[in-house]
Amino acid sequence: MRRVLTFLIGLSLYVPASDVFADSVKHLKVGVYDNPPKLMLTEEGNISGILGDLLVQISQQQDWQLTPVRCRFADCLALLEAGHIDILPDVAMTPSRKQFISTHSEPALLSWSKIYTRSGANIRDIFDLENKRIAVVEDSVQQSYLTDIATGFDTPLILVPVESFEKGFEQVLNAEVDAVASNQFFGDNYVMDKALDSTPIVFMPTELYYAVPKGQHRDVLRVIDSRLKSLKANSKSAYYQILDQYAPTASFIKLPNWIWYIIAALLLSTVGFIIFNRMLTRRVADKTRQLAVSEKRLEVILNSVDGCIFIKDLDLKYQYANQRCADLLQIPVEQIYGCNDYELFAEPLADFLTEKDRHVLRTRKRLAYQEQHVDPKTGEERLLWSVKVPLIGPDGHLNGLCGIATDVSEYEALKSQVNKLAKFDALTNLGNRQTLIEHLSDRYSKHSSKSTDWLMFIDIDQFKTFNDRYGHDIGDQLLKQVGERIRSHCRAGEFVGRLGADEFYCLSQTLGHQYRLSGFDEWLNQLEVKLGAPFVVDDTQLFVSFSFGVVRLADCKDYIEAMKAADLSVQHAKVSGGACIRFFNEDMQQEFNQRQLLLDALKSAITHEQLTLHYQPQYLHNGEGPARCIGFEALLRWYDDEHGQVSPADFIPLAESNGLMSQLHFVVMNQVMADMDNLSTCFDHDDWIVAINVSASQLRASDFLSDLQHRVATEPRLARHLELEVTESVLIEDIDGIAQLMREISSIGIQFALDDFGTGYSSLIYLKLLPLRRLKIDQGFVKDLLSDRSDEAIVKTVIALADGLGLETIAEGVETKAQQQRLVAMGCKQLQGYYLGRPEPLAHWRKD
C-alpha cells in the first residue's frame, strides 16, 4: 500500500484537476431594468416580475446565488456585452445582439408590441403617426422596428428615446409626446384606470429569452432550457402560476374598440378597401406597394404564431383562419371561410365546439378549455388548449368571437415521460427508489405473503475510485451492465431496480423461510458468480466486487424499517472489506438501535453545551535545548452520563453522517474564542497558533466563510492565531471550489494545514492550488519510522517536498524520545504526540 502511495505522490502532477473535481456553486449577477410586470425589483431589492420570479424559482432548485444589478435597458445590454453581469432576463434576439449574447432555445415568454396614446386621440394605423412624437425605450426592439417602418413606408416618425416604458407613459400623460411604444404586458397593465388607450397598431410578436455573454454560462442556458420545457408541459406548474399572478384582473375580457379593425384587416376584402382608401387619401400611387408589404407582414405574423387563430361571426361561421388552422384540418385556408364546425369536424366534436362558442357569445366572457382532435388521415390524437373571447365593436355590440387553439400534445407527451422518469432510473431503465417503496408497501399490505419475501441491496465496492480512474462515461456503461446481469438472473415475481449511485436492489418472494435454505444459497451463489465475471467496456476488461445486504421482510414491521435493515446489512458487508454477504439479524438491529441512542444523546449534548475542548500541545525542537511550545490542537471531548466517555472516533463519524458537523464546528469555535485570553497566558511569545479540524460538510456550509468573517471582526486575534486543518478527503470532491474558499479565508489572515498528508489520494496539485502553511505527517508513518524503511522514505520525501515549496512540516503521533530525535534529525522540527503531551483541559496548560 505504501509503495502505491509513494508512486501516486510522484505521478499525481499528471492528473488534470478538471477530470476529478466538480464545479462550484453558481454566483450570477442579474441585470434588472424596470419593465413590470415582466421584470422589476421589489422595495427590498429582490428580483421580481414574471421573468424575475421564474429565474428565482429555477435558481432555488439549482442552488444558484443571484445578485441583482439595477440598470437601464441600454446600460444592461452594455454591461452584459462587457461581461460585468452574467445574465439578463427579458431580451428579444436581434441580428445585432447575436454578436455579443447567447440565449437558450425554448422561449421564456411570447410578447408583442403596441402603440398607446391618450384617450380620445385619433390614431388608428401607422400613417396616423406621421409627424407624431413617439416615446421609445432607448436601444429597444420597438425603437429598431419603428425606425425601419419610418424608412420603409416613407412616413416621418419622431422617435423620442426614454430610459423606461414608465417614463414614456408619463410623457404621454403630460402631453410631452403623442404616443408611446411598449410591450403588451407593461402597457395593458399600465393603462388600466388611467386616461390612456391602446391603439389598433400591433406589431412585432417577439420571443423573449434570458441572455448571457456570448459563449459563456452554457450550463446555465442548458438548465434554463430544460426547466422551461418541463414547466411549460405542466399546466399547474409554477410557470403558469406566475403568469396568472401578474395577469391584469378583470371580470371579463372586453376587447378594446380597435381590435375589430385589426382582425378585420385579416379579411382580404376589408384590407383591400383599407389599401384603396389609403391610396385615395395619401399619395395613392406612392403607398400601394408599402400597404401591400404591411398586409404581408401582418399575414406572416399571424401565420407564424404557434397556434390556430380564427374568427367566427354570430352564426358561428369562420370569417378568418390562419395557416395553422389549415394545417390542422389539412385543407386550404380558403375552404375554411364561410364554414361552420359541422362542415369541418365529426358531429361529437362539432357539438362540443358549438356549445363552447355559444357560451362565449351568451356570457360575453373569456373561456379556456382543452379539446381533442383526431388527424383525419393518420388517426393520431392531438390535444389542444383553446381560448375564446367575444368580439365587441366600438358601439358595444357583439360581432362574433375570436379563438386561439395551441397544440399541447408534445407537452402532454413530455409530462407522461416525466411521470415515467419519476419511477424508473433513466440510465439503466430499471425501477428506482419510488418503485421499490410502492412494491414494499404493497407487500406489507398483504400480511399473508410477506413472510416469504426478501429484500437485498447490492453495492459496487470502491465505485468512486473506479469512476475517478476510468471516468464517468465508463462508469455509466458499467452500471448498465451490472443492472442487466442482475435483472437477467431474477425470475418472475422478483423486482430489480437501482436505488441510486452504485447501489441496486432485488425484491424476491420465492426464497423460502430460512436464511440459509439450499435453494436460496444456490440462487445467491449463481448471482455472485455471474457478477464476478469480468465486465467488458470499450474493449477494457474490468473486475468488480460487490457487497450484499439481505433482510427478510417478516423481520421488519414496515417498508421503512426493511429498507433501513437492508442498508445496514450492506454497510456491514462493506465495513467487513466488501465482496461478501451480510444478513440482517438481531445483533445488527441492536447495534443500529444503540447508534440511534448515541445520536440522540449527541444532539442533546450539543444543545445543552456538554461537549468540551481539550488542547494537545505542539512543540518546536531545533535539536538543542528543550522544545518550545508553539501552539495547540483543539480536540473535542464528550462525557455522557449514560454512555460514559465517548471516543471522538465514535461520535465524529456519527455527526458527519447525520449532518451535525456544522453544529460541532460552532461549538469548537465558540469555545476557542472564549479561551483566547487564557490561551495567550500559556505562551511567552505571540506567534502561537491554535489548530482545529474542519470537515468537508463544514466547508460546504453556505455560511462557513461569513461566519469566520464575523468571528474575526468580533475577535481580531483569530486572524493571527487560528489554523484550520483540512484532510485530503475534503479536497477530492471539489478542488477548485475548496481552493477558492480557502483563498478567501486566507485573505482575512487565517492559516491552513493539510492533515494526514500521504494517506489518501495524494496529489501535488493540492500543494500548488491551496494556500497552505503546514503539512502534517500522519502518525501512521511515524509509528514504524525507526523500523520500516518505507515509512522513513515517505517521511523524508514529505519533508523535502515541503522544504522545496516553502511549507512547514509537523509530525503527529510522536510517542517516544527516539522518534522525536529521528524526526528532528531528518529536518522535521515541529512535533506533536503523547510523548510531548496528551490532550488536556486548558487549565492544565495555563501558566498562572
# chains A, B, ... in the order shown; residues from 1 in each chain; ligands from 1
>>> residues_around(residues="A:Leu28", least_positions_apart="2", cutoff="7 Å", atoms="only C-alpha atoms", output="PyMOL selection string")
chain A and resi 26+30+65-67+86-87
>>> write_last_selection(atoms="all heavy atoms", output="PDB file, in the first residue's frame")
ATOM      1  N   LYS A  26     -22.966  28.231  -8.460  1.00  0.00           N
ATOM      2  CA  LYS A  26     -23.034  29.359  -9.388  1.00  0.00           C
ATOM      3  C   LYS A  26     -23.397  30.642  -8.645  1.00  0.00           C
ATOM      4  O   LYS A  26     -24.349  30.674  -7.868  1.00  0.00           O
ATOM      5  CB  LYS A  26     -24.087  29.083 -10.465  1.00  0.00           C
ATOM      6  CG  LYS A  26     -23.584  28.171 -11.577  1.00  0.00           C
ATOM      7  CD  LYS A  26     -22.627  28.892 -12.488  1.00  0.00           C
ATOM      8  CE  LYS A  26     -22.215  28.014 -13.649  1.00  0.00           C
ATOM      9  NZ  LYS A  26     -21.218  28.642 -14.490  1.00  0.00           N
ATOM     10  N   VAL A  30     -27.364  39.417 -12.018  1.00  0.00           N
ATOM     11  CA  VAL A  30     -28.532  39.500 -12.891  1.00  0.00           C
ATOM     12  C   VAL A  30     -28.848  40.963 -13.168  1.00  0.00           C
ATOM     13  O   VAL A  30     -29.081  41.745 -12.244  1.00  0.00           O
ATOM     14  CB  VAL A  30     -29.748  38.807 -12.237  1.00  0.00           C
ATOM     15  CG1 VAL A  30     -30.932  38.824 -13.203  1.00  0.00           C
ATOM     16  CG2 VAL A  30     -29.388  37.386 -11.843  1.00  0.00           C
ATOM     17  N   GLN A  65     -26.830  31.395  -6.739  1.00  0.00           N
ATOM     18  CA  GLN A  65     -26.941  32.598  -5.930  1.00  0.00           C
ATOM     19  C   GLN A  65     -27.035  33.797  -6.862  1.00  0.00           C
ATOM     20  O   GLN A  65     -26.122  34.057  -7.643  1.00  0.00           O
ATOM     21  CB  GLN A  65     -25.744  32.716  -4.990  1.00  0.00           C
ATOM     22  CG  GLN A  65     -25.691  31.602  -3.943  1.00  0.00           C
ATOM     23  CD  GLN A  65     -24.601  31.818  -2.915  1.00  0.00           C
ATOM     24  OE1 GLN A  65     -23.971  32.869  -2.912  1.00  0.00           O
ATOM     25  NE2 GLN A  65     -24.383  30.848  -2.058  1.00  0.00           N
ATOM     26  N   LEU A  66     -28.165  34.527  -6.785  1.00  0.00           N
ATOM     27  CA  LEU A  66     -28.439  35.637  -7.691  1.00  0.00           C
ATOM     28  C   LEU A  66     -28.150  36.968  -7.009  1.00  0.00           C
ATOM     29  O   LEU A  66     -28.573  37.200  -5.867  1.00  0.00           O
ATOM     30  CB  LEU A  66     -29.901  35.598  -8.154  1.00  0.00           C
ATOM     31  CG  LEU A  66     -30.376  34.284  -8.788  1.00  0.00           C
ATOM     32  CD1 LEU A  66     -31.826  34.403  -9.200  1.00  0.00           C
ATOM     33  CD2 LEU A  66     -29.505  33.904  -9.978  1.00  0.00           C
ATOM     34  N   THR A  67     -27.446  37.851  -7.713  1.00  0.00           N
ATOM     35  CA  THR A  67     -27.184  39.198  -7.221  1.00  0.00           C
ATOM     36  C   THR A  67     -27.756  40.185  -8.229  1.00  0.00           C
ATOM     37  O   THR A  67     -27.262  40.286  -9.356  1.00  0.00           O
ATOM     38  CB  THR A  67     -25.677  39.426  -7.053  1.00  0.00           C
ATOM     39  OG1 THR A  67     -25.153  38.463  -6.155  1.00  0.00           O
ATOM     40  CG2 THR A  67     -25.420  40.831  -6.515  1.00  0.00           C
ATOM     41  N   ASP A  86     -23.886  38.597 -15.521  1.00  0.00           N
ATOM     42  CA  ASP A  86     -23.853  37.236 -16.070  1.00  0.00           C
ATOM     43  C   ASP A  86     -25.093  36.879 -16.854  1.00  0.00           C
ATOM     44  O   ASP A  86     -25.022  36.050 -17.778  1.00  0.00           O
ATOM     45  CB  ASP A  86     -23.667  36.223 -14.934  1.00  0.00           C
ATOM     46  CG  ASP A  86     -22.393  36.474 -14.162  1.00  0.00           C
ATOM     47  OD1 ASP A  86     -21.315  36.477 -14.783  1.00  0.00           O
ATOM     48  OD2 ASP A  86     -22.489  36.691 -12.955  1.00  0.00           O
ATOM     49  N   ILE A  87     -26.232  37.476 -16.500  1.00  0.00           N
ATOM     50  CA  ILE A  87     -27.478  37.065 -17.165  1.00  0.00           C
ATOM     51  C   ILE A  87     -28.438  38.239 -17.158  1.00  0.00           C
ATOM     52  O   ILE A  87     -28.487  39.017 -16.196  1.00  0.00           O
ATOM     53  CB  ILE A  87     -28.098  35.837 -16.462  1.00  0.00           C
ATOM     54  CG1 ILE A  87     -29.280  35.307 -17.272  1.00  0.00           C
ATOM     55  CG2 ILE A  87     -28.474  36.108 -15.044  1.00  0.00           C
ATOM     56  CD1 ILE A  87     -29.736  33.933 -16.822  1.00  0.00           C
TER      57      ILE A  87
END
>>> residues_around(residues="stretch 193-210 of chain A", least_positions_apart="4", cutoff="7 Å", atoms="only C-alpha atoms", output="number ranges by chain")
A: 87-92, 103-104, 107-119, 123-126, 258-259, 261-262, 301
>>> select_by_dssp(residues="stretch 86-223 of chain A", states="strand (DSSP E)", output="VMD selection string")
chain A and resid 88 to 92 101 to 103 109 to 118 133 to 137 158 to 162 179 to 183 196 to 213
>>> residues_around(residues="stretch 712-727 of chain A", least_positions_apart="2", cutoff="8 Å", atoms="only C-alpha atoms", output="ChimeraX atom specification")
/A:673,676,687-695,708-710,729-731,748-757
>>> closest_residue(among="A:Phe548, A:Asn670, A:Asp53, A:Gly45", to="A:Asn525", atoms="only C-alpha atoms")
A:Phe548
>>> closest_residue(among="A:Gly475, A:Asp188, A:Ala533, A:Arg70", to="A:Leu41", atoms="only C-alpha atoms")
A:Arg70
>>> select_by_dssp(residues="stretch 181-248 of chain A", states="helix (DSSP H, G or I)", output="PyMOL selection string")
chain A and resi 184-190+218-232+238-246
>>> write_last_selection(atoms="N, CA, C and O atoms", output="compact mmCIF listing (two decimals), in the first residue's frame")
# COMPACT_ATOMS: atom_id res chain seq x y z
N GLN A 184 -46.99 44.52 -24.67
CA GLN A 184 -48.37 44.49 -24.18
C GLN A 184 -48.45 44.16 -22.69
O GLN A 184 -49.41 44.54 -22.02
N PHE A 185 -47.45 43.47 -22.12
CA PHE A 185 -47.51 43.13 -20.70
C PHE A 185 -47.50 44.40 -19.86
O PHE A 185 -48.34 44.61 -18.98
N PHE A 186 -46.51 45.29 -20.16
CA PHE A 186 -46.42 46.52 -19.39
C PHE A 186 -47.57 47.46 -19.74
O PHE A 186 -48.23 48.01 -18.86
N GLY A 187 -47.82 47.61 -21.05
CA GLY A 187 -48.81 48.59 -21.47
C GLY A 187 -50.21 48.30 -20.99
O GLY A 187 -50.90 49.18 -20.46
N ASP A 188 -50.68 47.04 -21.17
CA ASP A 188 -52.04 46.71 -20.76
C ASP A 188 -52.25 46.85 -19.27
O ASP A 188 -53.35 47.16 -18.80
N ASN A 189 -51.21 46.59 -18.47
CA ASN A 189 -51.32 46.79 -17.03
C ASN A 189 -51.31 48.27 -16.67
O ASN A 189 -52.00 48.71 -15.76
N TYR A 190 -50.49 49.06 -17.39
CA TYR A 190 -50.30 50.46 -17.02
C TYR A 190 -51.55 51.29 -17.33
O TYR A 190 -51.92 52.18 -16.56
N ARG A 218 -22.84 28.24 -20.59
CA ARG A 218 -23.62 27.27 -21.37
C ARG A 218 -24.41 26.35 -20.45
O ARG A 218 -25.52 25.93 -20.77
N ASP A 219 -23.81 26.01 -19.27
CA ASP A 219 -24.53 25.13 -18.33
C ASP A 219 -25.79 25.80 -17.80
O ASP A 219 -26.83 25.16 -17.62
N VAL A 220 -25.72 27.12 -17.57
CA VAL A 220 -26.90 27.85 -17.09
C VAL A 220 -27.99 27.83 -18.16
O VAL A 220 -29.17 27.59 -17.86
N LEU A 221 -27.63 28.05 -19.42
CA LEU A 221 -28.62 28.04 -20.50
C LEU A 221 -29.24 26.66 -20.65
O LEU A 221 -30.44 26.53 -20.90
N ARG A 222 -28.41 25.61 -20.51
CA ARG A 222 -28.98 24.25 -20.63
C ARG A 222 -30.00 24.00 -19.53
O ARG A 222 -31.06 23.42 -19.76
N VAL A 223 -29.69 24.42 -18.30
CA VAL A 223 -30.62 24.22 -17.19
C VAL A 223 -31.91 24.99 -17.43
O VAL A 223 -33.02 24.48 -17.26
N ILE A 224 -31.79 26.27 -17.86
CA ILE A 224 -32.98 27.08 -18.11
C ILE A 224 -33.82 26.45 -19.21
O ILE A 224 -35.05 26.37 -19.10
N ASP A 225 -33.19 25.99 -20.28
CA ASP A 225 -33.91 25.35 -21.38
C ASP A 225 -34.69 24.15 -20.88
O ASP A 225 -35.88 23.99 -21.18
N SER A 226 -34.01 23.29 -20.11
CA SER A 226 -34.67 22.07 -19.61
C SER A 226 -35.83 22.40 -18.69
O SER A 226 -36.91 21.82 -18.79
N ARG A 227 -35.61 23.38 -17.77
CA ARG A 227 -36.66 23.72 -16.80
C ARG A 227 -37.85 24.38 -17.51
O ARG A 227 -38.99 24.12 -17.14
N LEU A 228 -37.60 25.23 -18.51
CA LEU A 228 -38.71 25.86 -19.22
C LEU A 228 -39.58 24.81 -19.91
O LEU A 228 -40.82 24.85 -19.84
N LYS A 229 -38.94 23.85 -20.60
CA LYS A 229 -39.70 22.81 -21.28
C LYS A 229 -40.51 21.99 -20.29
O LYS A 229 -41.66 21.65 -20.53
N SER A 230 -39.91 21.68 -19.15
CA SER A 230 -40.62 20.89 -18.14
C SER A 230 -41.78 21.67 -17.53
O SER A 230 -42.88 21.16 -17.38
N LEU A 231 -41.54 22.95 -17.20
CA LEU A 231 -42.59 23.77 -16.57
C LEU A 231 -43.74 24.03 -17.53
O LEU A 231 -44.91 24.00 -17.15
N LYS A 232 -43.43 24.30 -18.80
CA LYS A 232 -44.48 24.56 -19.78
C LYS A 232 -45.34 23.33 -20.02
O LYS A 232 -46.50 23.44 -20.42
N ALA A 238 -45.31 26.06 -11.72
CA ALA A 238 -45.03 27.41 -11.26
C ALA A 238 -45.03 28.41 -12.41
O ALA A 238 -45.31 29.58 -12.22
N TYR A 239 -44.73 27.94 -13.63
CA TYR A 239 -44.69 28.83 -14.80
C TYR A 239 -46.05 29.51 -15.01
O TYR A 239 -46.14 30.73 -15.11
N TYR A 240 -47.10 28.68 -15.03
CA TYR A 240 -48.43 29.25 -15.28
C TYR A 240 -48.98 29.96 -14.04
O TYR A 240 -49.76 30.91 -14.15
N GLN A 241 -48.54 29.54 -12.86
CA GLN A 241 -48.95 30.26 -11.66
C GLN A 241 -48.38 31.67 -11.66
O GLN A 241 -49.04 32.63 -11.26
N ILE A 242 -47.13 31.81 -12.13
CA ILE A 242 -46.52 33.14 -12.19
C ILE A 242 -47.24 34.01 -13.22
O ILE A 242 -47.51 35.19 -12.98
N LEU A 243 -47.58 33.42 -14.39
CA LEU A 243 -48.32 34.18 -15.39
C LEU A 243 -49.66 34.67 -14.84
O LEU A 243 -50.04 35.83 -15.03
N ASP A 244 -50.38 33.76 -14.13
CA ASP A 244 -51.67 34.15 -13.56
C ASP A 244 -51.50 35.23 -12.51
O ASP A 244 -52.34 36.13 -12.36
N GLN A 245 -50.41 35.17 -11.75
CA GLN A 245 -50.18 36.14 -10.69
C GLN A 245 -50.06 37.57 -11.22
O GLN A 245 -50.53 38.51 -10.59
N TYR A 246 -49.44 37.71 -12.40
CA TYR A 246 -49.21 39.05 -12.94
C TYR A 246 -50.21 39.43 -14.02
O TYR A 246 -50.07 40.48 -14.64
>>> closest_residue(among="A:Glu299, A:Glu44, A:Glu808, A:Glu176", to="A:Lys829", atoms="only C-alpha atoms")
A:Glu808
>>> residues_around(residues="A:Met40", least_positions_apart="5", cutoff="9 Å", atoms="only C-alpha atoms", output="PyMOL selection string")
chain A and resi 32-35+46-50+52+70
>>> write_last_selection(atoms="N, CA, C and O atoms", output="tab-separated table (two decimals), in the first residue's frame")
chain	number	residue	atom	x	y	z
A	32	VAL	N	-31.20	43.92	-14.04
A	32	VAL	CA	-32.63	44.15	-13.83
A	32	VAL	C	-32.95	45.58	-14.24
A	32	VAL	O	-32.45	46.54	-13.65
A	33	TYR	N	-33.77	45.69	-15.31
A	33	TYR	CA	-34.27	47.01	-15.66
A	33	TYR	C	-35.78	47.03	-15.40
A	33	TYR	O	-36.44	46.02	-15.43
A	34	ASP	N	-36.28	48.22	-15.13
A	34	ASP	CA	-37.66	48.33	-14.67
A	34	ASP	C	-38.61	48.13	-15.85
A	34	ASP	O	-38.75	49.01	-16.70
A	35	ASN	N	-39.29	46.99	-15.91
A	35	ASN	CA	-40.20	46.65	-17.00
A	35	ASN	C	-41.33	45.78	-16.47
A	35	ASN	O	-41.48	44.64	-16.88
A	46	ASN	N	-35.21	42.82	-4.20
A	46	ASN	CA	-35.24	41.45	-4.72
A	46	ASN	C	-35.77	41.42	-6.15
A	46	ASN	O	-36.59	42.25	-6.55
A	47	ILE	N	-35.31	40.44	-6.92
A	47	ILE	CA	-35.75	40.28	-8.30
A	47	ILE	C	-37.21	39.83	-8.31
A	47	ILE	O	-37.60	38.92	-7.57
A	48	SER	N	-38.05	40.46	-9.17
A	48	SER	CA	-39.46	40.14	-9.21
A	48	SER	C	-39.95	40.23	-10.64
A	48	SER	O	-39.19	40.43	-11.58
A	49	GLY	N	-41.27	40.09	-10.82
A	49	GLY	CA	-41.85	40.10	-12.14
A	49	GLY	C	-41.96	38.69	-12.71
A	49	GLY	O	-41.49	37.71	-12.11
A	50	ILE	N	-42.61	38.57	-13.87
A	50	ILE	CA	-42.82	37.23	-14.47
A	50	ILE	C	-41.50	36.53	-14.68
A	50	ILE	O	-41.27	35.42	-14.19
A	52	GLY	N	-38.52	37.52	-13.65
A	52	GLY	CA	-37.71	37.52	-12.44
A	52	GLY	C	-38.08	36.38	-11.51
A	52	GLY	O	-37.22	35.64	-11.02
A	70	ARG	N	-29.21	46.75	-10.76
A	70	ARG	CA	-30.20	47.66	-11.37
A	70	ARG	C	-29.53	48.48	-12.47
A	70	ARG	O	-28.42	49.01	-12.29
>>> atom_distance(atom1="atom CA of A:Gly83", atom2="atom CA of A:Gly215")
11.0 Å
>>> atom_distance(atom1="atom CA of A:Gly737", atom2="atom CA of A:Glu503")
27.6 Å
>>> closest_residue(among="A:Ala150, A:Ala739, A:Leu440, A:Leu430", to="A:Leu455", atoms="only C-alpha atoms")
A:Leu440
>>> atom_distance(atom1="atom CA of A:Ser697", atom2="atom CA of A:Tyr559")
29.4 Å
>>> residues_around(residues="A:Val814", least_positions_apart="5", cutoff="7 Å", atoms="only C-alpha atoms", output="list of chain:residue names")
A:Val782, A:Gln819, A:Gln820, A:Leu831, A:Gln832, A:Gly833, A:Tyr834, A:Tyr835
>>> closest_residue(among="A:Gly577, A:Pro617, A:Gly623, A:Gly804", to="A:Leu823", atoms="only C-alpha atoms")
A:Gly623
>>> residues_around(residues="A:Trp638", least_positions_apart="4", cutoff="8 Å", atoms="only C-alpha atoms", output="number ranges by chain")
A: 610-612, 645-648
>>> closest_residue(among="A:Ala426, A:Leu764, A:Ala649, A:Val570", to="A:Ala802", atoms="only C-alpha atoms")
A:Leu764
